[in-house]
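K.L.:
Below is one structure. I have some questions about it.
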Amino acid sequence: MTMIDYLWEHICRNDMTSMDELTRDRREDLEALDLYIRDCLEEWFINNERLSASSIVRLSNCSHELMLEIRRLNGAAPGYFEELRDLCQRVLRRMRVREARQTIARAYTACTAISGLAGSGEQAGKPSVNSLTLLCSLLVLFWCSAG
């Protein structure tokens with residue numbers, strides 16, 4: 001059993017402990033980070049240690065935010081979150097984070113260029129720039145998830 005497997009099993013057995021001493025905002029921030037991180041880690045385990053570009057970026061961003069939250073709490077965060085952060089770092093060391101960020105950036109740039117061209121001179125019956133931007137954002141997420 002690898003350290004990653006061990007940490008994952010430990011985290012799954014020990015859900016977030018009582019966070020009564022934290023403010024409501026801090027508790028909600030940590031719960032949201034936990035949700036996003038668990039989603040990425042589940043994808044990693046299900047897909048034989050592979051993540052889509054969008055999941056790599058999401059995991060990296062959430063891991064960074066979790067580190068900041070742990071620092072803000074100055075030791076008041078339950079140990080669960082430090083273990084979760086450690087697990088994120090171990091998984092991210094196996095990923096190409098910079099390449100994933102570049103993939104997302106290229107896809108987003110291409111879609112915003114398309115929506116910018118299509119949005120000049122809005123007419124009745126034609127999609128607005130906002131709807132094209134939304135469509136492009138969804139296409140970026142789909143494209144990066146499939147790759």
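Starting from 1 in every chain, residues are counted up; chains themselves are A, B, ... following the order of the structure tokens, and ligands are numbered from 1 as listed.
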Wanna dump the range 7-76 of chain A-range 81-92 of chain A contacts at 10 Å for me, each residue with its shortest atom pair and the distance in Å to one decimal, counting only C-alpha atoms, ordered by chain and number, as CSV?

P.N.:
```
residue,atom,partner,partner_atom,distance
A:Leu7,CA,A:Leu87,CA,6.4
A:Trp8,CA,A:Leu87,CA,7.3
A:His10,CA,A:Glu83,CA,8.8
A:Ile11,CA,A:Leu84,CA,7.0
A:Asp15,CA,A:Phe81,CA,9.9
A:Met16,CA,A:Phe81,CA,7.8
A:Thr17,CA,A:Phe81,CA,9.6
A:Leu30,CA,A:Phe81,CA,8.3
A:Leu33,CA,A:Phe81,CA,9.6
A:Asp34,CA,A:Leu84,CA,8.1
A:Ile37,CA,A:Cys88,CA,7.7
A:Arg38,CA,A:Leu84,CA,8.9
A:Cys40,CA,A:Cys88,CA,9.3
A:Leu41,CA,A:Cys88,CA,7.9
A:Trp44,CA,A:Val91,CA,8.4
A:Glu49,CA,A:Val91,CA,8.3
A:Arg50,CA,A:Val91,CA,9.6
A:Leu51,CA,A:Val91,CA,9.9
A:Ile56,CA,A:Leu92,CA,7.5
A:Val57,CA,A:Leu92,CA,9.6
A:Leu59,CA,A:Cys88,CA,7.1
A:Ser60,CA,A:Leu92,CA,7.0
A:Cys62,CA,A:Cys88,CA,8.9
A:Ser63,CA,A:Arg85,CA,6.0
A:His64,CA,A:Arg85,CA,8.5
A:Glu65,CA,A:Arg85,CA,9.7
A:Leu66,CA,A:Arg85,CA,6.8
A:Met67,CA,A:Arg85,CA,6.9
A:Glu69,CA,A:Phe81,CA,9.4
A:Ile70,CA,A:Glu82,CA,7.5
A:Gly75,CA,A:Glu82,CA,9.8
```

K.L.:
Please give the complete set of residues from range 8-106 of chain A that DSSP, run on the backbone, assigns to alpha helix (DSSP H), formatted as a CSV table (one decimal) with C-alpha atoms, in the first residue's frame.

P.N.:
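Final output, part_29.csv:
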```csv
chain,number,residue,atom,x,y,z
A,8,TRP,CA,-6.9,8.3,1.2
A,9,GLU,CA,-8.2,5.4,3.4
A,10,HIS,CA,-7.5,7.4,6.5
A,11,ILE,CA,-9.3,10.5,5.2
A,12,CYS,CA,-12.3,8.4,4.1
A,13,ARG,CA,-12.6,6.8,7.5
A,24,ARG,CA,-19.4,30.0,10.1
A,25,ASP,CA,-17.6,31.4,7.1
A,26,ARG,CA,-14.4,29.5,7.9
A,27,ARG,CA,-16.4,26.3,8.4
A,28,GLU,CA,-18.2,26.8,5.0
A,29,ASP,CA,-14.9,27.5,3.2
A,30,LEU,CA,-13.3,24.4,4.6
A,31,GLU,CA,-16.4,22.3,3.7
A,32,ALA,CA,-16.4,23.6,0.1
A,33,LEU,CA,-12.7,22.9,-0.3
A,34,ASP,CA,-13.2,19.4,1.1
A,35,LEU,CA,-16.0,18.8,-1.4
A,36,TYR,CA,-13.9,20.0,-4.4
A,37,ILE,CA,-10.8,18.2,-3.3
A,38,ARG,CA,-12.6,14.9,-2.6
A,39,ASP,CA,-14.2,15.1,-6.1
A,40,CYS,CA,-10.8,15.4,-7.8
A,41,LEU,CA,-9.2,12.7,-5.7
A,42,GLU,CA,-12.1,10.3,-6.4
A,43,GLU,CA,-11.6,11.0,-10.1
A,44,TRP,CA,-7.9,10.3,-9.7
A,45,PHE,CA,-8.5,6.9,-8.0
A,46,ILE,CA,-11.3,5.9,-10.4
A,53,ALA,CA,-6.7,19.2,-17.2
A,54,SER,CA,-9.6,21.0,-15.5
A,55,SER,CA,-9.4,18.7,-12.5
A,56,ILE,CA,-5.6,19.1,-12.2
A,57,VAL,CA,-6.0,22.9,-12.1
A,58,ARG,CA,-9.0,22.7,-9.7
A,59,LEU,CA,-7.0,20.4,-7.3
A,60,SER,CA,-4.0,22.7,-7.5
A,61,ASN,CA,-6.1,25.8,-6.7
A,62,CYS,CA,-8.0,24.1,-3.9
A,63,SER,CA,-4.8,22.7,-2.4
A,64,HIS,CA,-3.3,26.2,-2.4
A,65,GLU,CA,-6.5,27.7,-0.8
A,66,LEU,CA,-6.5,24.9,1.8
A,67,MET,CA,-2.9,25.8,2.7
A,68,LEU,CA,-4.0,29.4,3.1
A,69,GLU,CA,-7.0,28.5,5.3
A,70,ILE,CA,-4.8,26.3,7.5
A,71,ARG,CA,-2.3,29.2,8.0
A,72,ARG,CA,-5.2,31.6,8.7
A,73,LEU,CA,-6.5,29.3,11.4
A,79,GLY,CA,-5.6,17.6,11.6
A,80,TYR,CA,-7.9,16.1,8.9
A,81,PHE,CA,-7.3,19.2,6.7
A,82,GLU,CA,-3.5,18.9,7.1
A,83,GLU,CA,-3.7,15.3,6.0
A,84,LEU,CA,-6.0,16.3,3.1
A,85,ARG,CA,-3.4,18.9,2.0
A,86,ASP,CA,-0.6,16.4,2.2
A,87,LEU,CA,-2.6,14.0,0.0
A,88,CYS,CA,-3.2,16.7,-2.5
A,89,GLN,CA,0.5,17.5,-2.7
A,90,ARG,CA,1.4,13.9,-3.2
A,91,VAL,CA,-1.1,13.5,-6.0
A,92,LEU,CA,-0.1,16.8,-7.6
A,97,VAL,CA,0.1,21.2,-13.4
A,98,ARG,CA,1.8,23.8,-15.6
A,99,GLU,CA,0.8,21.9,-18.8
A,100,ALA,CA,-2.8,21.6,-17.5
A,101,ARG,CA,-2.9,25.4,-16.8
A,102,GLN,CA,-1.6,26.1,-20.3
A,103,THR,CA,-4.2,23.7,-21.9
A,104,ILE,CA,-7.0,25.5,-20.0
A,105,ALA,CA,-5.6,28.9,-21.0
A,106,ARG,CA,-5.4,28.0,-24.7
```
